[in-house]
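Chemist: I'd like to ask some things about the structure below.
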Amino acid sequence: MKRAARLFRRRMLSSIPVLILVVVGTFLLIDNASGDAADAYLLAIGGGDAGYAEALRQDYGLDRPVWVRLGFYAWNLVHLDLGRSVTLNRPILDVILERLPVTLWLMGSAVALSFVLGSLLGIVAGARPGSGTDKALSVGSLALYSVPSFWLGLVLSVVFAVQLRWFPVSGIETIASGKTGLSRVGDVARHLVLPVASLAILYLALFLRLMRAGMAEVWRQDFVLAARARGVPRGRIVLRHVARNALLPLVTMLGLQAAGMLGGSVVIESVFGIPGFGRLAAEAVSGRDAPLLMGIILTSAVLVILVNLAVDMTYAALDPRVGASDAA
Amino acid sequence: MSVAARFARSPEGVAGLLLLALLASGALLAPLLFPGDPLSIVGRPLLAPFQQAGLPLGTDRLGRDVMAELFHGARASLIVGVSAAAVAILAGALVGTVAGFGGGMIDEALMRVVDAFQIVPGFLLALAFVSTIGPSLGVVVVAIALGAWTGPARLARAEVLSIRERDFVASARVLGMHPLEIALKEVLPLAMPPVLALTSVIVAGAVLTEAALSFLGLGDPNIVTWGTMIAEGRNVLRTAAWLSIVPGLGLVALVLGVYLFGEGLVEALSRREGQG
């Protein structure tokens with residue numbers, strides 16, 4: 001346990017300078033935008049004269065130099081205050097925390113589903129590298145991996161929602177249905193089937209390919225040869241020796257893909273009209289809501305750090321060598 | 001056996017090459033086959049495919065020729081995909097080389113920057129970049145490269161770390177060459193091959209990111225892209241689904257072609273290494 005705690009502390013400390021870089025970088029980028037919060041507000045209320053715009057700028061502190069504003073922003077961040085959204089006129093942290101659970105559910109179920117199915121199919125493909133099954137699964141997964149997620153979502157909704165009417169076209173639950181308890185859970189689940197499926201199909205291809213590649217690598221190692229020489233049955237070699245050793249890199253990939261998955265949620269949630277974190281990003285962009293966009297980018301950076309931390313911890317638990325040699 | 005001959009024996013590679021050749025010639029011939037602005041109105045709106053001789057794929061919601069849009073869209077996808085990958089690989093290789101060769105504080109600082117770019121979702125960064133600076137082809141290219149240069153940077157750094165210990169680097173120092181000159185002229189070219197192996201993955205990712213950006217309405221509004229076509233068709237998804245489906249098939253073909261070609265190439269190159 002001491003080993004894990006040490007690893008945890010070291011990772012936390014090393015992520016602080018990286019987060020500071022992200023804060024400064026995104027602040028300077030977004031500050032560069034033409035049009036500021038005062039413009040956005042004036043646009044929202046239907047316009048105003050130049051004097052009012054100037055007064056608003058003073059009010060918002062937009063007339064101060066950029067470094068002073070960055071300082072204020074950072075000071076507020078330390079107190080977990082991400083500022084107020086211009087378009088929604090609400091504290092940004094509240095909005096993000098409200099939208100995040102849906103996205104985490106969506107991502108979580110898609111990843112869980114694709115991880116299980118993908119690694120199973122990967123084992124089937126990697127059991128005999130170079131066989132017909134392997135070739136077919138490899139090419140098939142490559143083809144799936146080439147499909148844009150938003151287009152897959154549209155095609156699935158044309159077939160299953162518009163033509164067959166099995167699932168709803170968009171949204172997270174039936175509006176004003178008055179459903180409570182289990183029937184509401186079922187309603188939400190029905191709305192999530194198609195978005196989860198479109199994401200899971202893409203990740204499935206990724207995990208399948210990784211598992212297959214990992215197994216092809218392990219087959220070449222000496223201990224597999226030794227197991228075969230001992231007369232261990234083939235099925236047992238595939239599952240207990242090869243697949244087991246090929247599974248670890250998949251856990252790492254989970255951490256590496258976290259950022260990509262959060263980015264992918266933007267389009268999928270826009271396609272299916274799911275009011276989640278990704279859709280919020282699209283709304284922030286179309287509403288020119290700079291503070292909101294900034295808050296979204298920072299939150300996703302923190303999320304990615306947390307996922308990677310969790311992956312590292314899992315890794316340390318699975319592999320006793322990890323973190324053992326690190327000095328405190 | 002030459003690399004080309006080995007490449008020709010891999011069915012995946014050849015299939016990829018054919019797909020890419022087909023799409024690239026379509027993109028190159030687009031101005032000849034469909035001269036004029038593909039965004040101009042040519043017929044009545046929402047004409048179904050195979051109804052009118054001159055308009056084999058019909059027309060979209062505004063009466064524009066879908067076939068012409070498809071050909072011109074291939075241009076945008078290819079240009080953005082290839083140039084974003086080129087920018088990402090060059091920038092990544094440069095940063096990685098400087099970090100690996102410089103060592104010490106330079107290395108530490110540059111790698112923290114790489115970390116920072118890696119924890120921000122590339123697509124969100126691209127969204128923020130395009131929406132603050134404004135949608136044009138060049139901005140979209142840079143925005144996509146911003147999310148893709150960290151992989152090449154890490155790989156180049158790892159390569160440089162092993163190359164810089166070799167004797168020829170020491171002799172270049174003795175000769176009195178400037179460290180930057182050694183890094184860029186002597187070390188960087190040797191570090192490139194493994195970095196270039198990332199090309200197909202980066203090009204494919206760039207094509208998909210560009211499509212997603214223009215699907216969300218952040219593409220260059222004066223250029224037809226497959227992403228905008230899909231977004232346009234989405235408005236009439238119930239009645240004219242082909243308007244969204246056809247450009248999507250183009251995207252799948254392009255990305256699959258890039259992956260297959262890259263896989264065949266890497267295989268052909270690695271077999272040579274295996275044979276010594």
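Here's how to read the names in the structure tokens: chain A, B, ... by the order shown, residue numbers from 1 in each chain, ligand numbers from 1 in the order shown.
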With DSSP run on the backbone, what are the helix (DSSP H, G or I) residues within range 22-102 of chain B? I'd like them as a ChimeraX atom specification.
Modeler: /B:22-33,66-102
Chemist: Wanna dump the chain B-chain A contacts at 6 Å for me, each residue with its shortest atom pair and the distance in Å to one decimal, counting only C-alpha atoms, ordered by chain and number, as CSV?
Modeler:
residue,atom,partner,partner_atom,distance
B:Arg112,CA,A:Val18,CA,5.9
B:Ala116,CA,A:Val18,CA,5.1
B:Ile119,CA,A:Ala301,CA,5.1
B:Val120,CA,A:Ala301,CA,5.0
B:Pro121,CA,A:Ala259,CA,4.4
B:Phe123,CA,A:Gly263,CA,4.9
B:Leu124,CA,A:Gly263,CA,5.8
B:Thr132,CA,A:Ala33,CA,4.3
B:Val252,CA,A:Val147,CA,5.2
B:Val255,CA,A:Ser146,CA,5.3
B:Leu256,CA,A:Ser146,CA,5.3
Chemist: List the neighbours of Asp37 in chain B out to 10 Å using only C-alpha atoms; skip same-chain residues closer than 6 positions along the sequence, and give me the result as number ranges by chain.
Modeler: B: 31, 64, 68-69, 72, 222-224
Chemist: Once you have the residues from the selection above, write them out as a PDB file, in the first residue's frame, restricted to N, CA and C atoms.
Modeler:
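And here is the file that came out, result_2.pdb:
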ATOM      1  N   PRO B  31     -11.941  20.087 -60.421  1.00  0.00           N
ATOM      2  CA  PRO B  31     -12.164  21.351 -61.137  1.00  0.00           C
ATOM      3  C   PRO B  31     -12.390  21.143 -62.636  1.00  0.00           C
ATOM      4  N   ARG B  64     -28.194  22.004 -55.066  1.00  0.00           N
ATOM      5  CA  ARG B  64     -26.810  21.948 -55.528  1.00  0.00           C
ATOM      6  C   ARG B  64     -26.465  20.516 -55.922  1.00  0.00           C
ATOM      7  N   ALA B  68     -20.933  16.921 -57.640  1.00  0.00           N
ATOM      8  CA  ALA B  68     -19.882  17.945 -57.686  1.00  0.00           C
ATOM      9  C   ALA B  68     -19.378  18.249 -56.287  1.00  0.00           C
ATOM     10  N   GLU B  69     -20.315  18.355 -55.339  1.00  0.00           N
ATOM     11  CA  GLU B  69     -19.918  18.628 -53.958  1.00  0.00           C
ATOM     12  C   GLU B  69     -19.036  17.509 -53.435  1.00  0.00           C
ATOM     13  N   HIS B  72     -15.503  17.842 -54.943  1.00  0.00           N
ATOM     14  CA  HIS B  72     -14.778  18.974 -54.361  1.00  0.00           C
ATOM     15  C   HIS B  72     -14.508  18.741 -52.876  1.00  0.00           C
ATOM     16  N   ASN B 222     -16.646  28.801 -47.084  1.00  0.00           N
ATOM     17  CA  ASN B 222     -16.606  28.976 -48.536  1.00  0.00           C
ATOM     18  C   ASN B 222     -16.170  27.723 -49.273  1.00  0.00           C
ATOM     19  N   ILE B 223     -15.896  26.651 -48.529  1.00  0.00           N
ATOM     20  CA  ILE B 223     -15.392  25.430 -49.144  1.00  0.00           C
ATOM     21  C   ILE B 223     -16.362  24.290 -48.843  1.00  0.00           C
ATOM     22  N   VAL B 224     -16.610  23.428 -49.859  1.00  0.00           N
ATOM     23  CA  VAL B 224     -17.443  22.248 -49.587  1.00  0.00           C
ATOM     24  C   VAL B 224     -16.595  21.233 -48.857  1.00  0.00           C
TER      25      VAL B 224
END
Chemist: Can you pull out the residues contacting Gly103 in chain B? Cut-off 12 Å, using only C-alpha atoms, and skip same-chain residues under 6 positions away; I want them as a VMD selection string.
Modeler: chain B and resid 95 to 97 109 to 111 157 to 158 160 to 161 164 179 183
Chemist: Those residues you just picked out, can you put them in a file as an mmCIF file, in the first residue's frame with N, CA and C atoms?
Modeler:
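The result, written out as again21.cif:
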data_model
loop_
_atom_site.group_PDB
_atom_site.id
_atom_site.type_symbol
_atom_site.label_atom_id
_atom_site.label_comp_id
_atom_site.auth_asym_id
_atom_site.auth_seq_id
_atom_site.Cartn_x
_atom_site.Cartn_y
_atom_site.Cartn_z
ATOM 1 N N VAL B 95 10.366 19.823 -31.913
ATOM 2 C CA VAL B 95 10.319 19.982 -30.457
ATOM 3 C C VAL B 95 10.971 18.787 -29.771
ATOM 4 N N GLY B 96 10.653 17.573 -30.253
ATOM 5 C CA GLY B 96 11.220 16.374 -29.652
ATOM 6 C C GLY B 96 12.732 16.343 -29.771
ATOM 7 N N THR B 97 13.249 16.743 -30.937
ATOM 8 C CA THR B 97 14.700 16.745 -31.135
ATOM 9 C C THR B 97 15.373 17.747 -30.209
ATOM 10 N N ALA B 109 11.214 21.465 -19.483
ATOM 11 C CA ALA B 109 10.202 22.469 -19.820
ATOM 12 C C ALA B 109 9.385 22.031 -21.034
ATOM 13 N N LEU B 110 10.071 21.573 -22.094
ATOM 14 C CA LEU B 110 9.346 21.207 -23.313
ATOM 15 C C LEU B 110 8.440 20.002 -23.071
ATOM 16 N N MET B 111 8.899 19.051 -22.282
ATOM 17 C CA MET B 111 8.058 17.876 -22.053
ATOM 18 C C MET B 111 6.837 18.205 -21.200
ATOM 19 N N ARG B 157 11.824 12.446 -29.446
ATOM 20 C CA ARG B 157 12.689 12.638 -28.276
ATOM 21 C C ARG B 157 13.325 11.317 -27.867
ATOM 22 N N ALA B 158 12.506 10.261 -27.825
ATOM 23 C CA ALA B 158 13.038 8.956 -27.430
ATOM 24 C C ALA B 158 14.141 8.513 -28.381
ATOM 25 N N VAL B 160 16.043 10.487 -30.286
ATOM 26 C CA VAL B 160 17.205 11.379 -30.157
ATOM 27 C C VAL B 160 18.018 11.018 -28.920
ATOM 28 N N LEU B 161 17.347 10.627 -27.847
ATOM 29 C CA LEU B 161 18.060 10.274 -26.620
ATOM 30 C C LEU B 161 19.066 9.156 -26.877
ATOM 31 N N ARG B 164 21.942 10.565 -29.624
ATOM 32 C CA ARG B 164 22.919 11.579 -29.217
ATOM 33 C C ARG B 164 24.118 10.976 -28.485
ATOM 34 N N PRO B 179 25.606 23.298 -31.332
ATOM 35 C CA PRO B 179 24.695 22.219 -30.898
ATOM 36 C C PRO B 179 23.392 22.189 -31.688
ATOM 37 N N ALA B 183 21.928 19.113 -33.821
ATOM 38 C CA ALA B 183 20.598 18.571 -33.538
ATOM 39 C C ALA B 183 19.763 18.508 -34.811
#
Chemist: Neighbours of Ala205 in chain A within 8 Å (only C-alpha atoms; same-chain residues fewer than 2 positions away dropped), as a list in words?
Modeler: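 Residues near the query, excluding close chain neighbours: Gly118, Ser141, Leu142, Leu144, Tyr145, Ile201, Leu202, Tyr203, Phe207, Leu208 and Arg209 of chain A.
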Chemist: Now that the selection is made, can you save its residues with N, CA and C atoms as a PDB file, in the first residue's frame?
Modeler:
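Final output, saved to out-v5.pdb:
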ATOM      1  N   GLY A 118     -14.490  -6.157 -27.101  1.00  0.00           N
ATOM      2  CA  GLY A 118     -13.284  -5.970 -27.895  1.00  0.00           C
ATOM      3  C   GLY A 118     -12.191  -6.924 -27.478  1.00  0.00           C
ATOM      4  N   SER A 141     -12.233  -4.794 -38.194  1.00  0.00           N
ATOM      5  CA  SER A 141     -12.080  -3.791 -37.154  1.00  0.00           C
ATOM      6  C   SER A 141     -11.456  -2.523 -37.716  1.00  0.00           C
ATOM      7  N   LEU A 142     -10.556  -2.685 -38.711  1.00  0.00           N
ATOM      8  CA  LEU A 142      -9.956  -1.505 -39.328  1.00  0.00           C
ATOM      9  C   LEU A 142     -11.029  -0.691 -40.044  1.00  0.00           C
ATOM     10  N   LEU A 144     -14.225  -0.602 -39.292  1.00  0.00           N
ATOM     11  CA  LEU A 144     -15.044   0.061 -38.269  1.00  0.00           C
ATOM     12  C   LEU A 144     -14.317   1.279 -37.704  1.00  0.00           C
ATOM     13  N   TYR A 145     -13.005   1.115 -37.543  1.00  0.00           N
ATOM     14  CA  TYR A 145     -12.216   2.176 -36.945  1.00  0.00           C
ATOM     15  C   TYR A 145     -12.135   3.393 -37.864  1.00  0.00           C
ATOM     16  N   ILE A 201     -19.101   0.772 -30.705  1.00  0.00           N
ATOM     17  CA  ILE A 201     -18.637   0.093 -31.919  1.00  0.00           C
ATOM     18  C   ILE A 201     -17.250   0.590 -32.307  1.00  0.00           C
ATOM     19  N   LEU A 202     -17.019   1.899 -32.147  1.00  0.00           N
ATOM     20  CA  LEU A 202     -15.709   2.446 -32.508  1.00  0.00           C
ATOM     21  C   LEU A 202     -14.631   1.990 -31.536  1.00  0.00           C
ATOM     22  N   TYR A 203     -14.929   2.055 -30.225  1.00  0.00           N
ATOM     23  CA  TYR A 203     -13.919   1.641 -29.241  1.00  0.00           C
ATOM     24  C   TYR A 203     -13.657   0.143 -29.348  1.00  0.00           C
ATOM     25  N   PHE A 207     -10.029  -1.682 -29.142  1.00  0.00           N
ATOM     26  CA  PHE A 207      -9.590  -2.683 -28.164  1.00  0.00           C
ATOM     27  C   PHE A 207      -9.279  -4.013 -28.842  1.00  0.00           C
ATOM     28  N   LEU A 208     -10.092  -4.363 -29.850  1.00  0.00           N
ATOM     29  CA  LEU A 208      -9.836  -5.600 -30.586  1.00  0.00           C
ATOM     30  C   LEU A 208      -8.440  -5.573 -31.193  1.00  0.00           C
ATOM     31  N   ARG A 209      -8.121  -4.476 -31.863  1.00  0.00           N
ATOM     32  CA  ARG A 209      -6.830  -4.389 -32.541  1.00  0.00           C
ATOM     33  C   ARG A 209      -5.678  -4.443 -31.545  1.00  0.00           C
TER      34      ARG A 209
END
Chemist: Using only C-alpha atoms, which protein or nucleic acid residues come within 9 Å of Gly126 in chain A? Drop anything in the same chain fewer than 3 positions from it, and give the result as an MDAnalysis selection string.
Modeler: chainID A and resid 121:123 129:131 134 211:216 219 238 242:243
Chemist: Would you export the selected residues with N, CA and C atoms as a short mmCIF file (atom, residue, chain, number, x, y, z; two decimals), in the first residue's frame, please?
Modeler:
data_model
loop_
_atom_site.label_atom_id
_atom_site.label_comp_id
_atom_site.auth_asym_id
_atom_site.auth_seq_id
_atom_site.Cartn_x
_atom_site.Cartn_y
_atom_site.Cartn_z
N LEU A 121 -13.14 -10.54 -28.61
CA LEU A 121 -12.92 -10.74 -30.05
C LEU A 121 -11.43 -10.71 -30.36
N GLY A 122 -10.70 -9.89 -29.62
CA GLY A 122 -9.25 -9.82 -29.80
C GLY A 122 -8.60 -11.15 -29.46
N ILE A 123 -9.12 -11.81 -28.43
CA ILE A 123 -8.58 -13.13 -28.07
C ILE A 123 -8.87 -14.13 -29.18
N PRO A 129 -2.65 -16.21 -34.77
CA PRO A 129 -2.26 -15.09 -35.63
C PRO A 129 -2.04 -15.56 -37.06
N GLY A 130 -2.60 -14.81 -38.01
CA GLY A 130 -2.40 -15.16 -39.41
C GLY A 130 -3.48 -16.07 -39.98
N SER A 131 -4.40 -16.57 -39.12
CA SER A 131 -5.46 -17.44 -39.62
C SER A 131 -6.53 -16.64 -40.34
N ASP A 134 -8.50 -14.43 -38.00
CA ASP A 134 -7.69 -13.28 -37.61
C ASP A 134 -7.73 -12.21 -38.68
N MET A 211 -5.69 -5.78 -28.51
CA MET A 211 -5.60 -7.10 -27.90
C MET A 211 -4.91 -8.05 -28.86
N ARG A 212 -5.31 -7.99 -30.13
CA ARG A 212 -4.73 -8.87 -31.13
C ARG A 212 -3.23 -8.62 -31.27
N ALA A 213 -2.86 -7.33 -31.37
CA ALA A 213 -1.44 -6.98 -31.53
C ALA A 213 -0.65 -7.44 -30.31
N GLY A 214 -1.23 -7.22 -29.11
CA GLY A 214 -0.55 -7.62 -27.88
C GLY A 214 -0.33 -9.12 -27.84
N MET A 215 -1.36 -9.88 -28.27
CA MET A 215 -1.24 -11.34 -28.23
C MET A 215 -0.21 -11.82 -29.24
N ALA A 216 -0.19 -11.22 -30.43
CA ALA A 216 0.80 -11.60 -31.44
C ALA A 216 2.20 -11.40 -30.88
N TRP A 219 2.95 -14.21 -28.16
CA TRP A 219 3.17 -15.55 -28.74
C TRP A 219 4.64 -15.82 -29.01
N VAL A 238 -3.63 -20.13 -24.63
CA VAL A 238 -4.24 -18.91 -25.18
C VAL A 238 -4.79 -18.05 -24.05
N VAL A 242 -1.17 -16.31 -22.81
CA VAL A 242 -1.02 -15.25 -23.82
C VAL A 242 -1.98 -14.09 -23.55
N ALA A 243 -3.29 -14.39 -23.47
CA ALA A 243 -4.28 -13.32 -23.33
C ALA A 243 -4.05 -12.53 -22.05
#
Chemist: Using only C-alpha atoms, which protein or nucleic acid residues come within 9 Å of Thr150 in chain B? Drop anything in the same chain fewer than 4 positions from it, and give the result as a PyMOL selection string.
Modeler: chain B and resi 88-89+91-92+96+114-115+117-118+146+154-155
Chemist: Write a file of the selected residues as a compact mmCIF listing (two decimals), in the first residue's frame, keeping N, CA and C atoms.
Modeler:
# COMPACT_ATOMS: atom_id res chain seq x y z
N ALA B 88 1.94 18.74 -37.99
CA ALA B 88 2.07 18.07 -36.69
C ALA B 88 3.37 17.30 -36.60
N ILE B 89 3.73 16.57 -37.66
CA ILE B 89 4.94 15.74 -37.61
C ILE B 89 6.18 16.62 -37.59
N ALA B 91 6.47 19.84 -36.59
CA ALA B 91 6.57 20.55 -35.31
C ALA B 91 6.94 19.58 -34.19
N GLY B 92 6.31 18.41 -34.18
CA GLY B 92 6.60 17.42 -33.14
C GLY B 92 8.04 16.97 -33.20
N GLY B 96 10.65 17.57 -30.25
CA GLY B 96 11.22 16.37 -29.65
C GLY B 96 12.73 16.34 -29.77
N VAL B 114 4.41 19.38 -23.63
CA VAL B 114 3.82 18.23 -24.31
C VAL B 114 2.73 17.60 -23.43
N ASP B 115 3.06 17.43 -22.13
CA ASP B 115 2.07 16.88 -21.19
C ASP B 115 0.80 17.71 -21.19
N PHE B 117 -0.43 19.62 -23.49
CA PHE B 117 -1.22 19.43 -24.70
C PHE B 117 -1.88 18.06 -24.70
N GLN B 118 -1.26 17.08 -24.02
CA GLN B 118 -1.83 15.74 -24.05
C GLN B 118 -3.03 15.58 -23.13
N LEU B 146 -2.48 21.08 -33.61
CA LEU B 146 -2.28 21.35 -32.18
C LEU B 146 -2.56 20.13 -31.33
N ARG B 154 7.08 13.03 -28.68
CA ARG B 154 7.56 12.01 -27.73
C ARG B 154 8.45 10.98 -28.41
N LEU B 155 8.00 10.55 -29.59
CA LEU B 155 8.76 9.51 -30.30
C LEU B 155 10.11 10.05 -30.74
Chemist: Using CA of Phe50 in chain B and CA of Pro247 in chain B as the two end points, give the distance in Å to one decimal.
Modeler: 16.4 Å
Chemist: At what distance in Å, to one decimal, does CA of Ala317 in chain A lie from CA of Phe223 in chain A?
Modeler: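 Result for CA of Phe223 in chain A versus CA of Ala317 in chain A: 22.9 Å, one decimal.
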Chemist: Could you please determine the separation between CA of Phe7 in chain B and CA of Ala268 in chain B in Å, to one decimal place?
Modeler: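 Interatomic distance, CA of Phe7 in chain B to CA of Ala268 in chain B: 5.1 Å.
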